[in-house]
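Novice: PDB, C-alpha atoms, file start-v4.pdb:
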```
MODEL        1
ATOM      1  CA  MET L   1       0.000   0.000   0.000
ATOM      2  CA  PRO L   2       1.394   3.467  -0.894
ATOM      3  CA  GLN L   3       2.525   5.694   1.948
ATOM      4  CA  THR L   4      -0.183   7.941   3.384
ATOM      5  CA  ARG L   5       0.140  11.701   3.147
ATOM      6  CA  LYS L   6      -0.147  13.588   6.429
ATOM      7  CA  ILE L   7      -2.437  16.602   6.368
ATOM      8  CA  ILE L   8      -3.820  19.248   8.691
ATOM      9  CA  ILE L   9      -7.225  20.579   7.625
ATOM     10  CA  ASP L  10      -7.812  24.214   8.557
ATOM     11  CA  THR L  11     -11.491  24.958   8.100
ATOM     12  CA  ASP L  12     -14.621  27.008   8.865
ATOM     13  CA  PRO L  13     -17.477  24.560   8.118
ATOM     14  CA  GLY L  14     -19.665  25.450   5.966
ATOM     15  CA  GLN L  15     -21.408  22.795   3.837
ATOM     16  CA  ASP L  16     -18.685  22.725   1.176
ATOM     17  CA  ASP L  17     -16.016  22.482   3.905
ATOM     18  CA  ALA L  18     -17.993  19.551   5.320
ATOM     19  CA  VAL L  19     -17.945  17.733   1.963
ATOM     20  CA  ALA L  20     -14.187  18.388   1.706
ATOM     21  CA  MET L  21     -13.712  16.875   5.175
ATOM     22  CA  LEU L  22     -15.829  13.845   4.217
ATOM     23  CA  LEU L  23     -13.729  13.376   1.066
ATOM     24  CA  ALA L  24     -10.559  13.367   3.180
ATOM     25  CA  LEU L  25     -12.113  11.066   5.801
ATOM     26  CA  GLY L  26     -13.105   8.599   3.075
ATOM     27  CA  SER L  27      -9.622   8.517   1.515
ATOM     28  CA  PRO L  28      -7.132   6.060   3.045
ATOM     29  CA  GLU L  29      -4.225   7.798   1.264
ATOM     30  CA  LEU L  30      -4.628  10.732   3.656
ATOM     31  CA  GLU L  31      -3.785  10.756   7.347
ATOM     32  CA  ILE L  32      -5.571  13.623   9.084
ATOM     33  CA  VAL L  33      -3.177  14.661  11.849
ATOM     34  CA  GLY L  34      -5.735  17.146  13.155
ATOM     35  CA  ILE L  35      -8.393  19.666  12.198
ATOM     36  CA  SER L  36      -8.047  23.319  13.161
ATOM     37  CA  ALA L  37     -11.217  25.428  13.134
ATOM     38  CA  VAL L  38     -11.219  29.137  12.320
ATOM     39  CA  ALA L  39     -13.923  31.808  12.340
ATOM     40  CA  GLY L  40     -15.250  32.435   8.840
ATOM     41  CA  ASN L  41     -18.504  31.170   7.350
ATOM     42  CA  VAL L  42     -19.917  31.378  10.877
ATOM     43  CA  PRO L  43     -18.294  32.324  14.219
ATOM     44  CA  LEU L  44     -15.684  30.037  15.809
ATOM     45  CA  ASN L  45     -18.028  28.478  18.394
ATOM     46  CA  LEU L  46     -20.030  27.051  15.473
ATOM     47  CA  THR L  47     -17.172  26.145  13.115
ATOM     48  CA  GLU L  48     -15.405  24.018  15.741
ATOM     49  CA  LYS L  49     -18.702  22.333  16.621
ATOM     50  CA  ASN L  50     -19.477  21.706  12.938
ATOM     51  CA  ALA L  51     -16.053  20.137  12.400
ATOM     52  CA  ARG L  52     -16.797  17.684  15.223
ATOM     53  CA  LYS L  53     -20.279  16.968  13.840
ATOM     54  CA  ILE L  54     -18.779  15.975  10.487
ATOM     55  CA  CYS L  55     -16.132  13.738  12.072
ATOM     56  CA  GLU L  56     -18.909  11.935  13.957
ATOM     57  CA  LEU L  57     -21.096  11.710  10.836
ATOM     58  CA  ALA L  58     -18.169   9.936   9.139
ATOM     59  CA  GLY L  59     -17.730   7.599  12.135
ATOM     60  CA  ARG L  60     -14.358   9.164  13.026
ATOM     61  CA  PRO L  61     -14.627  10.617  16.548
ATOM     62  CA  ASP L  62     -10.911   9.767  16.958
ATOM     63  CA  ILE L  63      -9.906  12.789  14.832
ATOM     64  CA  LYS L  64      -8.630  15.667  16.976
ATOM     65  CA  VAL L  65     -10.349  19.027  16.472
ATOM     66  CA  TYR L  66      -8.841  22.280  17.782
ATOM     67  CA  ALA L  67     -10.380  25.765  18.003
ATOM     68  CA  GLY L  68      -8.284  28.629  16.643
ATOM     69  CA  ALA L  69      -8.694  32.301  15.810
ATOM     70  CA  VAL L  70     -11.948  33.925  16.812
ATOM     71  CA  ARG L  71     -11.454  36.876  14.411
ATOM     72  CA  PRO L  72      -9.193  38.065  11.563
ATOM     73  CA  LEU L  73      -5.757  39.623  12.179
ATOM     74  CA  ALA L  74      -6.726  43.263  11.604
ATOM     75  CA  ARG L  75     -10.395  43.512  10.636
ATOM     76  CA  GLU L  76     -13.790  42.752  12.105
ATOM     77  CA  LEU L  77     -15.149  39.292  11.334
ATOM     78  CA  VAL L  78     -17.455  38.992   8.319
ATOM     79  CA  THR L  79     -19.597  35.814   8.221
ATOM     80  CA  ALA L  80     -21.846  34.160   5.615
ATOM     81  CA  GLU L  81     -25.044  32.941   7.284
ATOM     82  CA  ALA L  82     -26.984  34.076   4.200
ATOM     83  CA  VAL L  83     -25.222  31.301   2.282
ATOM     84  CA  HIS L  84     -24.707  28.602   4.929
ATOM     85  CA  GLY L  85     -27.612  29.226   7.336
ATOM     86  CA  GLN L  86     -27.471  30.208  11.004
ATOM     87  CA  THR L  87     -25.609  27.041  12.037
ATOM     88  CA  GLY L  88     -23.230  27.020   9.067
ATOM     89  CA  LEU L  89     -24.440  23.493   8.289
ATOM     90  CA  ASN L  90     -28.135  24.062   7.607
ATOM     91  CA  GLY L  91     -29.838  21.277   5.671
ATOM     92  CA  PRO L  92     -29.470  18.000   7.559
ATOM     93  CA  GLN L  93     -30.420  17.545  11.214
ATOM     94  CA  LEU L  94     -27.054  16.514  12.647
ATOM     95  CA  PRO L  95     -26.887  15.656  16.371
ATOM     96  CA  GLU L  96     -24.805  17.708  18.781
ATOM     97  CA  PRO L  97     -21.286  16.229  18.870
ATOM     98  CA  THR L  98     -20.202  14.103  21.814
ATOM     99  CA  MET L  99     -16.472  13.965  20.918
ATOM    100  CA  LYS L 100     -14.573  16.555  22.895
ATOM    101  CA  LEU L 101     -12.914  19.645  21.559
ATOM    102  CA  GLN L 102      -9.165  19.539  22.251
ATOM    103  CA  ASP L 103      -7.958  21.937  24.954
ATOM    104  CA  LYS L 104      -4.967  23.152  22.940
ATOM    105  CA  TYR L 105      -5.262  26.354  20.873
ATOM    106  CA  ALA L 106      -5.262  25.456  17.160
ATOM    107  CA  VAL L 107      -2.345  27.794  16.371
ATOM    108  CA  ASP L 108      -0.207  26.068  19.026
ATOM    109  CA  PHE L 109      -1.240  22.687  17.619
ATOM    110  CA  ILE L 110      -0.126  23.726  14.109
ATOM    111  CA  VAL L 111       3.229  25.087  15.325
ATOM    112  CA  GLU L 112       4.014  22.150  17.646
ATOM    113  CA  THR L 113       3.030  19.546  15.050
ATOM    114  CA  LEU L 114       5.152  21.102  12.327
ATOM    115  CA  MET L 115       8.161  21.416  14.647
ATOM    116  CA  LYS L 116       7.782  17.822  15.871
ATOM    117  CA  GLU L 117       6.982  15.938  12.646
ATOM    118  CA  GLU L 118       9.617  15.245  10.017
ATOM    119  CA  SER L 119      10.330  18.338   7.914
ATOM    120  CA  GLY L 120       8.391  18.286   4.632
ATOM    121  CA  SER L 121       5.947  15.628   5.800
ATOM    122  CA  ILE L 122       2.859  17.796   6.517
ATOM    123  CA  THR L 123       0.556  19.417   3.958
ATOM    124  CA  LEU L 124      -1.812  22.162   5.104
ATOM    125  CA  CYS L 125      -5.273  22.082   3.516
ATOM    126  CA  ALA L 126      -6.818  25.528   3.986
ATOM    127  CA  LEU L 127     -10.573  25.651   3.406
ATOM    128  CA  GLY L 128     -11.379  28.964   5.098
ATOM    129  CA  PRO L 129      -9.797  32.313   5.992
ATOM    130  CA  LEU L 130      -6.051  31.935   6.557
ATOM    131  CA  THR L 131      -5.936  33.461  10.066
ATOM    132  CA  ASN L 132      -4.747  30.344  11.933
ATOM    133  CA  ILE L 133      -1.978  29.617   9.434
ATOM    134  CA  ALA L 134      -0.790  33.229   9.369
ATOM    135  CA  LEU L 135      -0.720  33.369  13.185
ATOM    136  CA  ALA L 136       1.321  30.148  13.250
ATOM    137  CA  LEU L 137       3.822  31.609  10.747
ATOM    138  CA  ILE L 138       4.078  34.853  12.738
ATOM    139  CA  ARG L 139       4.521  33.006  16.035
ATOM    140  CA  GLU L 140       7.156  30.564  14.739
ATOM    141  CA  PRO L 141       8.740  31.478  11.373
ATOM    142  CA  ARG L 142      10.812  28.269  11.486
ATOM    143  CA  ILE L 143       7.742  26.245  10.482
ATOM    144  CA  ALA L 144       7.660  27.740   6.953
ATOM    145  CA  PRO L 145      10.391  25.540   5.387
ATOM    146  CA  ARG L 146       9.006  22.489   7.233
ATOM    147  CA  ILE L 147       5.622  22.656   5.454
ATOM    148  CA  LYS L 148       5.461  20.400   2.395
ATOM    149  CA  GLU L 149       2.772  22.463   0.691
ATOM    150  CA  ILE L 150      -0.270  24.623   1.366
ATOM    151  CA  ILE L 151      -3.291  23.889  -0.812
ATOM    152  CA  LEU L 152      -5.932  26.535  -0.349
ATOM    153  CA  MET L 153      -9.315  27.542  -1.677
ATOM    154  CA  GLY L 154      -9.450  31.260  -2.232
ATOM    155  CA  GLY L 155      -9.368  34.152  -4.639
ATOM    156  CA  GLY L 156     -10.438  34.631  -8.208
ATOM    157  CA  PHE L 157      -9.138  36.298 -11.344
ATOM    158  CA  PHE L 158     -11.295  36.160 -14.506
ATOM    159  CA  GLU L 159     -14.290  35.272 -12.288
ATOM    160  CA  GLY L 160     -13.851  38.317 -10.041
ATOM    161  CA  GLY L 161     -15.238  37.985  -6.512
ATOM    162  CA  ASN L 162     -18.253  36.404  -4.812
ATOM    163  CA  VAL L 163     -18.571  38.617  -1.723
ATOM    164  CA  THR L 164     -17.590  41.909  -3.380
ATOM    165  CA  PRO L 165     -17.091  42.555  -7.113
ATOM    166  CA  ALA L 166     -13.348  42.080  -6.563
ATOM    167  CA  ALA L 167     -12.920  39.631  -3.671
ATOM    168  CA  GLU L 168     -13.630  35.984  -2.880
ATOM    169  CA  PHE L 169     -14.954  35.317   0.639
ATOM    170  CA  ASN L 170     -12.033  33.415   2.247
ATOM    171  CA  ILE L 171      -9.488  36.051   1.218
ATOM    172  CA  TYR L 172     -11.821  38.974   1.923
ATOM    173  CA  VAL L 173     -12.460  37.854   5.511
ATOM    174  CA  ASP L 174      -8.743  38.068   6.338
ATOM    175  CA  PRO L 175      -6.714  39.634   3.519
ATOM    176  CA  HIS L 176      -3.806  40.407   5.872
ATOM    177  CA  ALA L 177      -3.505  36.718   6.781
ATOM    178  CA  ALA L 178      -3.614  35.783   3.091
ATOM    179  CA  GLU L 179      -0.801  38.244   2.436
ATOM    180  CA  VAL L 180       1.343  36.645   5.195
ATOM    181  CA  VAL L 181       0.788  33.164   3.716
ATOM    182  CA  LEU L 182       1.413  34.185   0.099
ATOM    183  CA  LYS L 183       4.669  35.935   1.052
ATOM    184  CA  SER L 184       5.920  32.999   3.156
ATOM    185  CA  GLY L 185       7.895  31.204   0.420
ATOM    186  CA  ILE L 186       5.990  27.962   1.115
ATOM    187  CA  PRO L 187       4.894  26.009  -2.011
ATOM    188  CA  ILE L 188       1.243  27.009  -2.551
ATOM    189  CA  VAL L 189      -1.512  25.617  -4.764
ATOM    190  CA  LEU L 190      -4.455  28.014  -5.167
ATOM    191  CA  MET L 191      -8.004  26.901  -6.032
ATOM    192  CA  PRO L 192      -9.767  30.127  -7.079
ATOM    193  CA  LEU L 193     -13.392  30.683  -8.062
ATOM    194  CA  ASP L 194     -12.343  30.171 -11.689
ATOM    195  CA  VAL L 195     -11.982  26.444 -10.903
ATOM    196  CA  THR L 196     -14.646  25.986  -8.249
ATOM    197  CA  HIS L 197     -17.356  27.643 -10.355
ATOM    198  CA  LYS L 198     -16.840  24.788 -12.845
ATOM    199  CA  ALA L 199     -17.542  22.190 -10.126
ATOM    200  CA  LEU L 200     -21.330  22.565 -10.059
ATOM    201  CA  THR L 201     -23.386  20.186  -7.942
ATOM    202  CA  THR L 202     -26.410  19.915 -10.355
ATOM    203  CA  ALA L 203     -29.630  18.165  -9.331
ATOM    204  CA  LYS L 204     -28.459  14.872 -10.876
ATOM    205  CA  ARG L 205     -25.175  14.900  -8.922
ATOM    206  CA  THR L 206     -26.909  15.755  -5.650
ATOM    207  CA  GLN L 207     -29.342  12.872  -6.197
ATOM    208  CA  ALA L 208     -26.399  10.513  -6.741
ATOM    209  CA  PHE L 209     -25.270  11.228  -3.162
ATOM    210  CA  ARG L 210     -28.776  10.529  -1.865
ATOM    211  CA  LYS L 211     -28.870   7.264  -3.810
ATOM    212  CA  LEU L 212     -25.855   6.006  -1.848
ATOM    213  CA  GLY L 213     -28.500   5.177   0.765
ATOM    214  CA  THR L 214     -26.137   5.922   3.659
ATOM    215  CA  LYS L 215     -26.197   8.427   6.519
ATOM    216  CA  VAL L 216     -23.311  10.312   4.877
ATOM    217  CA  GLY L 217     -24.912  10.251   1.425
ATOM    218  CA  THR L 218     -28.262  11.550   2.688
ATOM    219  CA  ALA L 219     -26.684  14.275   4.854
ATOM    220  CA  THR L 220     -24.480  15.369   1.925
ATOM    221  CA  ALA L 221     -27.500  15.642  -0.391
ATOM    222  CA  GLU L 222     -29.375  17.661   2.246
ATOM    223  CA  MET L 223     -26.387  19.959   2.777
ATOM    224  CA  LEU L 224     -25.976  20.554  -0.945
ATOM    225  CA  GLU L 225     -29.681  21.202  -1.524
ATOM    226  CA  PHE L 226     -29.563  23.944   1.110
ATOM    227  CA  PHE L 227     -26.165  25.323   0.057
ATOM    228  CA  GLU L 228     -26.781  25.472  -3.697
ATOM    229  CA  ARG L 229     -30.018  27.466  -3.483
ATOM    230  CA  PHE L 230     -28.069  30.699  -2.850
ATOM    231  CA  ASP L 231     -25.763  30.359  -5.868
ATOM    232  CA  GLU L 232     -28.515  29.027  -8.161
ATOM    233  CA  GLU L 233     -30.434  32.223  -7.543
ATOM    234  CA  LYS L 234     -27.318  34.395  -7.864
ATOM    235  CA  TYR L 235     -25.785  32.821 -10.984
ATOM    236  CA  GLY L 236     -28.844  31.217 -12.614
ATOM    237  CA  THR L 237     -27.143  27.802 -12.725
ATOM    238  CA  ASP L 238     -28.308  24.232 -12.128
ATOM    239  CA  GLY L 239     -26.593  23.659  -8.799
ATOM    240  CA  GLY L 240     -23.978  25.627  -6.926
ATOM    241  CA  PRO L 241     -20.173  25.533  -6.980
ATOM    242  CA  LEU L 242     -18.530  23.048  -4.631
ATOM    243  CA  HIS L 243     -15.488  25.089  -3.636
ATOM    244  CA  ASP L 244     -13.549  23.458  -0.806
ATOM    245  CA  PRO L 245     -13.543  19.790  -1.898
ATOM    246  CA  CYS L 246     -11.308  20.890  -4.801
ATOM    247  CA  VAL L 247      -8.469  21.222  -2.249
ATOM    248  CA  ILE L 248      -8.717  17.587  -1.138
ATOM    249  CA  ALA L 249      -9.413  16.313  -4.673
ATOM    250  CA  TYR L 250      -6.138  17.905  -5.824
ATOM    251  CA  LEU L 251      -4.227  15.887  -3.226
ATOM    252  CA  LEU L 252      -5.878  12.678  -4.383
ATOM    253  CA  LYS L 253      -5.959  13.264  -8.145
ATOM    254  CA  PRO L 254      -3.960  16.305  -9.253
ATOM    255  CA  GLU L 255      -4.524  15.283 -12.873
ATOM    256  CA  LEU L 256      -8.138  16.505 -12.521
ATOM    257  CA  PHE L 257      -6.824  20.109 -12.527
ATOM    258  CA  LYS L 258      -4.902  22.378 -14.885
ATOM    259  CA  GLY L 259      -3.091  25.546 -13.913
ATOM    260  CA  ARG L 260       0.141  27.510 -14.060
ATOM    261  CA  ASN L 261       2.663  29.135 -11.759
ATOM    262  CA  CYS L 262       1.882  32.817 -11.179
ATOM    263  CA  ASN L 263       2.523  35.677  -8.850
ATOM    264  CA  VAL L 264      -0.438  36.220  -6.534
ATOM    265  CA  SER L 265      -0.712  39.386  -4.454
ATOM    266  CA  VAL L 266      -3.526  40.476  -2.144
ATOM    267  CA  GLU L 267      -5.032  43.950  -1.870
ATOM    268  CA  THR L 268      -5.027  45.037   1.791
ATOM    269  CA  SER L 269      -5.465  48.813   1.668
ATOM    270  CA  SER L 270      -8.273  49.787  -0.723
ATOM    271  CA  GLU L 271     -11.778  49.345   0.687
ATOM    272  CA  LEU L 272     -13.105  49.164  -2.871
ATOM    273  CA  THR L 273     -10.972  46.135  -3.777
ATOM    274  CA  MET L 274     -10.057  44.822  -0.282
ATOM    275  CA  GLY L 275      -9.161  41.130  -0.440
ATOM    276  CA  MET L 276      -8.778  41.046  -4.227
ATOM    277  CA  THR L 277      -6.258  38.465  -5.430
ATOM    278  CA  VAL L 278      -4.169  40.125  -8.134
ATOM    279  CA  ILE L 279      -3.087  37.087 -10.163
ATOM    280  CA  ASP L 280      -0.464  37.676 -12.831
ATOM    281  CA  TRP L 281      -1.838  34.938 -15.113
ATOM    282  CA  TRP L 282      -0.166  36.327 -18.238
ATOM    283  CA  GLY L 283       3.201  37.044 -16.597
ATOM    284  CA  VAL L 284       3.125  40.769 -17.310
ATOM    285  CA  THR L 285       5.082  41.746 -14.175
ATOM    286  CA  LYS L 286       8.500  40.791 -12.901
ATOM    287  CA  ARG L 287       7.035  39.693  -9.562
ATOM    288  CA  GLU L 288       8.193  36.294  -8.380
ATOM    289  CA  LYS L 289       5.851  33.360  -9.017
ATOM    290  CA  ASN L 290       4.628  32.275  -5.578
ATOM    291  CA  ALA L 291       1.663  29.962  -6.284
ATOM    292  CA  LYS L 292       0.429  27.327  -8.689
ATOM    293  CA  VAL L 293      -2.945  28.759  -9.675
ATOM    294  CA  MET L 294      -5.538  26.339 -11.018
ATOM    295  CA  GLY L 295      -7.694  27.435 -13.928
ATOM    296  CA  ASP L 296      -9.588  24.339 -15.014
ATOM    297  CA  ILE L 297     -11.086  21.107 -13.656
ATOM    298  CA  ASP L 298     -12.383  17.804 -15.017
ATOM    299  CA  HIS L 299     -15.746  18.222 -13.264
ATOM    300  CA  ASP L 300     -17.070  14.775 -14.162
ATOM    301  CA  GLY L 301     -13.925  13.136 -12.779
ATOM    302  CA  PHE L 302     -14.160  15.320  -9.677
ATOM    303  CA  PHE L 303     -17.728  14.249  -8.880
ATOM    304  CA  ALA L 304     -16.947  10.597  -9.640
ATOM    305  CA  LEU L 305     -14.144  10.791  -7.044
ATOM    306  CA  LEU L 306     -16.445  12.445  -4.491
ATOM    307  CA  LEU L 307     -19.154   9.840  -4.980
ATOM    308  CA  GLU L 308     -16.736   6.927  -4.718
ATOM    309  CA  ARG L 309     -14.998   8.191  -1.561
ATOM    310  CA  LEU L 310     -18.121   9.367   0.285
ATOM    311  CA  GLY L 311     -19.635   5.997  -0.618
ATOM    312  CA  ARG L 312     -16.982   4.351   1.580
ATOM    313  CA  LEU L 313     -18.166   6.132   4.722
TER     314      LEU L 313
ENDMDL
END
```
Would you mind giving the structure from this file in structure tokens?
Specialist:
Amino acid sequence: MPQTRKIIIDTDPGQDDAVAMLLALGSPELEIVGISAVAGNVPLNLTEKNARKICELAGRPDIKVYAGAVRPLARELVTAEAVHGQTGLNGPQLPEPTMKLQDKYAVDFIVETLMKEESGSITLCALGPLTNIALALIREPRIAPRIKEIILMGGGFFEGGNVTPAAEFNIYVDPHAAEVVLKSGIPIVLMPLDVTHKALTTAKRTQAFRKLGTKVGTATAEMLEFFERFDEEKYGTDGGPLHDPCVIAYLLKPELFKGRNCNVSVETSSELTMGMTVIDWWGVTKREKNAKVMGDIDHDGFFALLLERLGRL
């Protein structure tokens, strides 16, 4: 059996975060060292609870969940209940979690794990605002060269933004944290809206999850039916984009994605374009390439992978 890849999932669940977690939990190639929750889609007290709910839904109460940053580095917290509902996981009726939240602060967990584990053995999967990861890098700069890779969902270029005309939600919530991460020198893979907007759930795909006939399949269908209504109305599409699972899918099957190395900078001073990812797709500046930016996805292959892996749970 091939060696498993160790990952830390940093997340703010969110229905699409939940599906990303389920994809990771259903994939034996991945060893989840821990899950760090951050404030984002909903406040921290809900995101850490939602992370535990999803672990229990998948039958994995052994996974350690840590609570991290309660707010962004320099701005007030912006949340997205209009998209995700008041709980962040509206749709299915999931029971309150019984597995305990770890006592350790998520930022300390990230730093200590990276300093303890073999250098280059841990990949960070960032599904929400980058506050926890930025705080870890600020607290202990020596972790940067020890991180194998950061794969993150965030930003947009030709697609523009989804929370303002210029900015995607994860980056907009904490643009200063995104700037810290993008300037860290760590290998980064970026999944912007340009990719995730091609990963549409569609009614047929949502039904396929329900037809699994399992607790996970039914809950996933119910989550997606709630989650997609917002984007269907906004974009006039059949189904909504499934953003965060693209991060985990890239780890499992990178051949599903196409992209190129670019310079990515984040706007942190203009209120008009705050949180905009300025992606030099055409290489028109001399700025150093600091991220592999994905631009396309095999959406049929992506959903086939999701269905197969969630079907194992």
Novice: So that each row is one residue of range 151-210 of chain L with an atom at most 12 Å from range 16-19 of chain L, can you give its shortest atom pair and the distance in Å to one decimal, using all atoms listed in the file, rows by chain and rising number, as a tab-separated table?
Specialist:
```
residue	atom	partner	partner_atom	distance
L:Leu152	CA	L:Asp17	CA	11.7
L:Met153	CA	L:Asp17	CA	10.1
L:Asn170	CA	L:Asp17	CA	11.8
L:Thr196	CA	L:Asp16	CA	10.8
L:Ala199	CA	L:Asp16	CA	11.4
L:Leu200	CA	L:Asp16	CA	11.5
L:Thr201	CA	L:Asp16	CA	10.6
L:Thr206	CA	L:Val19	CA	11.9
L:Phe209	CA	L:Val19	CA	11.1
```
Novice: Would you write out those residues with C-alpha atoms, as a PDB file, in the frame of the given file?
Specialist:
```pdb
ATOM      1  CA  LEU L 152      -5.932  26.535  -0.349  1.00  0.00           C
ATOM      2  CA  MET L 153      -9.315  27.542  -1.677  1.00  0.00           C
ATOM      3  CA  ASN L 170     -12.033  33.415   2.247  1.00  0.00           C
ATOM      4  CA  THR L 196     -14.646  25.986  -8.249  1.00  0.00           C
ATOM      5  CA  ALA L 199     -17.542  22.190 -10.126  1.00  0.00           C
ATOM      6  CA  LEU L 200     -21.330  22.565 -10.059  1.00  0.00           C
ATOM      7  CA  THR L 201     -23.386  20.186  -7.942  1.00  0.00           C
ATOM      8  CA  THR L 206     -26.909  15.755  -5.650  1.00  0.00           C
ATOM      9  CA  PHE L 209     -25.270  11.228  -3.162  1.00  0.00           C
TER      10      PHE L 209
END
```
Novice: Which residue out of L:Val70, L:Leu306, L:Val173, L:Cys125 has the minimum interatomic distance to Thr220 in chain L when all atoms listed in the file are used?
Specialist: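 Residue with the minimum atom-to-atom distance to Thr220 in chain L: L:Leu306.
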Novice: Around all of range 115-126 of chain L's listed atoms, make the axis-aligned box with 3 Å on each side and tell me centre and edge lengths in Å to one decimal, as JSON.
Specialist:
```
{"center_x": 1.8, "center_y": 20.4, "center_z": 9.7, "size_x": 23.1, "size_y": 16.3, "size_z": 18.4}
```
Novice: Could you state the separation of CA of Leu190 in chain L and CA of Ile171 in chain L in Å, given to one decimal place?
Specialist: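 Separation between CA of Leu190 in chain L and CA of Ile171 in chain L: 11.4 Å.
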Novice: Report, in Å to a single decimal, how far apart CA of Val163 in chain L and CA of Gly85 in chain L are.
Specialist: 15.9 Å
Novice: Which residues would end up in the selection if the PyMOL selection byres ((chain L and resi 161) around 10) were applied here, given that I need the answer as a PyMOL selection string?
Specialist: chain L and resi 154-160+162-169+171-172+192-194+273+275-277
Novice: Taking 5 positions as the minimum chain separation for residues in the same chain, which residues sit within 9 Å of range 261-269 of chain L when counting all atoms listed in the file? Answer as a list in words.
Specialist: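 Counting all atoms listed in the file, the residues come to Gly155, Ile171, Pro175, His176, Ala178, Glu179, Leu182, Lys183, Val189, Met274, Gly275, Met276, Thr277, Val278, Ile279, Asp280, Trp281, Trp282, Gly283, Thr285, Lys286, Arg287, Glu288, Lys289, Asn290, Ala291, Lys292, Val293 and Met294 of chain L.
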Novice: With the PyMOL selection byres ((chain L and resi 121) around 9) as the selection, what would be picked from this file? Answer as a PDB file with C-alpha atoms, keeping the file's coordinate frame, please.
Specialist:
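See part_28.pdb below for the written result:
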```pdb
ATOM      1  CA  ARG L   5       0.140  11.701   3.147  1.00  0.00           C
ATOM      2  CA  LYS L   6      -0.147  13.588   6.429  1.00  0.00           C
ATOM      3  CA  ILE L   7      -2.437  16.602   6.368  1.00  0.00           C
ATOM      4  CA  LEU L 114       5.152  21.102  12.327  1.00  0.00           C
ATOM      5  CA  GLU L 117       6.982  15.938  12.646  1.00  0.00           C
ATOM      6  CA  GLU L 118       9.617  15.245  10.017  1.00  0.00           C
ATOM      7  CA  SER L 119      10.330  18.338   7.914  1.00  0.00           C
ATOM      8  CA  GLY L 120       8.391  18.286   4.632  1.00  0.00           C
ATOM      9  CA  ILE L 122       2.859  17.796   6.517  1.00  0.00           C
ATOM     10  CA  THR L 123       0.556  19.417   3.958  1.00  0.00           C
ATOM     11  CA  ARG L 146       9.006  22.489   7.233  1.00  0.00           C
ATOM     12  CA  ILE L 147       5.622  22.656   5.454  1.00  0.00           C
ATOM     13  CA  LYS L 148       5.461  20.400   2.395  1.00  0.00           C
TER      14      LYS L 148
END
```
Novice: Neighbouring residues of Gly26 in chain L were defined as those with any atom within 7 Å, considering only C-alpha atoms; residues of the same chain fewer than 4 positions away were excluded. Please report them as an NGL selection string.
Specialist: :L and (22 or 309-310 or 312-313)
Novice: Excluding range 87-98 of chain L and any residue of its chain fewer than 4 positions from it, enumerate the residues within 8 Å of it, using all atoms listed in the file, and give them as an NGL selection string.
Specialist: :L and (13-15 or 41-42 or 46-47 or 49-50 or 52-53 or 56-57 or 81 or 219-220 or 222-227)
Novice: Name the closest residue to Ile138 in chain L among the candidates L:Leu73, L:Val78, L:Met99, L:Leu256; distances are taken between atoms, counting all atoms listed in the file.
Specialist: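 Closest to Ile138 in chain L, using all atoms listed in the file: L:Leu73.
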Novice: Can you pull out the residues contacting Ala177 in chain L? Cut-off 8 Å, using all atoms listed in the file, and skip same-chain residues under 2 positions away; I want them as a PyMOL selection string.
Specialist: chain L and resi 72-73+129-131+133-135+174-175+179-181
Novice: Separation of CA of Leu242 in chain L and CA of His197 in chain L, in Å?
Specialist: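 Straight-line distance from CA of Leu242 in chain L to CA of His197 in chain L works out to 7.4 Å.
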Novice: I'd like the residues picked by the PyMOL selection byres ((chain L and resi 64-69) around 7) written out as a PyMOL selection string, using the chain letters and numbers from the file.
Specialist: chain L and resi 34-39+48+52+62-63+70-71+101-102+104-107+131-132
Novice: Would you mind exporting C-alpha atoms of the selected residues as an mmCIF file, in the frame of the given file?
Specialist:
```cif
data_model
loop_
_atom_site.group_PDB
_atom_site.id
_atom_site.type_symbol
_atom_site.label_atom_id
_atom_site.label_comp_id
_atom_site.auth_asym_id
_atom_site.auth_seq_id
_atom_site.Cartn_x
_atom_site.Cartn_y
_atom_site.Cartn_z
ATOM 1 C CA GLY L 34 -5.735 17.146 13.155
ATOM 2 C CA ILE L 35 -8.393 19.666 12.198
ATOM 3 C CA SER L 36 -8.047 23.319 13.161
ATOM 4 C CA ALA L 37 -11.217 25.428 13.134
ATOM 5 C CA VAL L 38 -11.219 29.137 12.320
ATOM 6 C CA ALA L 39 -13.923 31.808 12.340
ATOM 7 C CA GLU L 48 -15.405 24.018 15.741
ATOM 8 C CA ARG L 52 -16.797 17.684 15.223
ATOM 9 C CA ASP L 62 -10.911 9.767 16.958
ATOM 10 C CA ILE L 63 -9.906 12.789 14.832
ATOM 11 C CA VAL L 70 -11.948 33.925 16.812
ATOM 12 C CA ARG L 71 -11.454 36.876 14.411
ATOM 13 C CA LEU L 101 -12.914 19.645 21.559
ATOM 14 C CA GLN L 102 -9.165 19.539 22.251
ATOM 15 C CA LYS L 104 -4.967 23.152 22.940
ATOM 16 C CA TYR L 105 -5.262 26.354 20.873
ATOM 17 C CA ALA L 106 -5.262 25.456 17.160
ATOM 18 C CA VAL L 107 -2.345 27.794 16.371
ATOM 19 C CA THR L 131 -5.936 33.461 10.066
ATOM 20 C CA ASN L 132 -4.747 30.344 11.933
#
```
Novice: Point out the residue among L:Leu272, L:Thr11, L:Leu252, L:Ile143 with the least atom-to-atom distance to Pro28 in chain L, counting only C-alpha atoms.
Specialist: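 Result for the nearest residue to Pro28 in chain L: L:Leu252.
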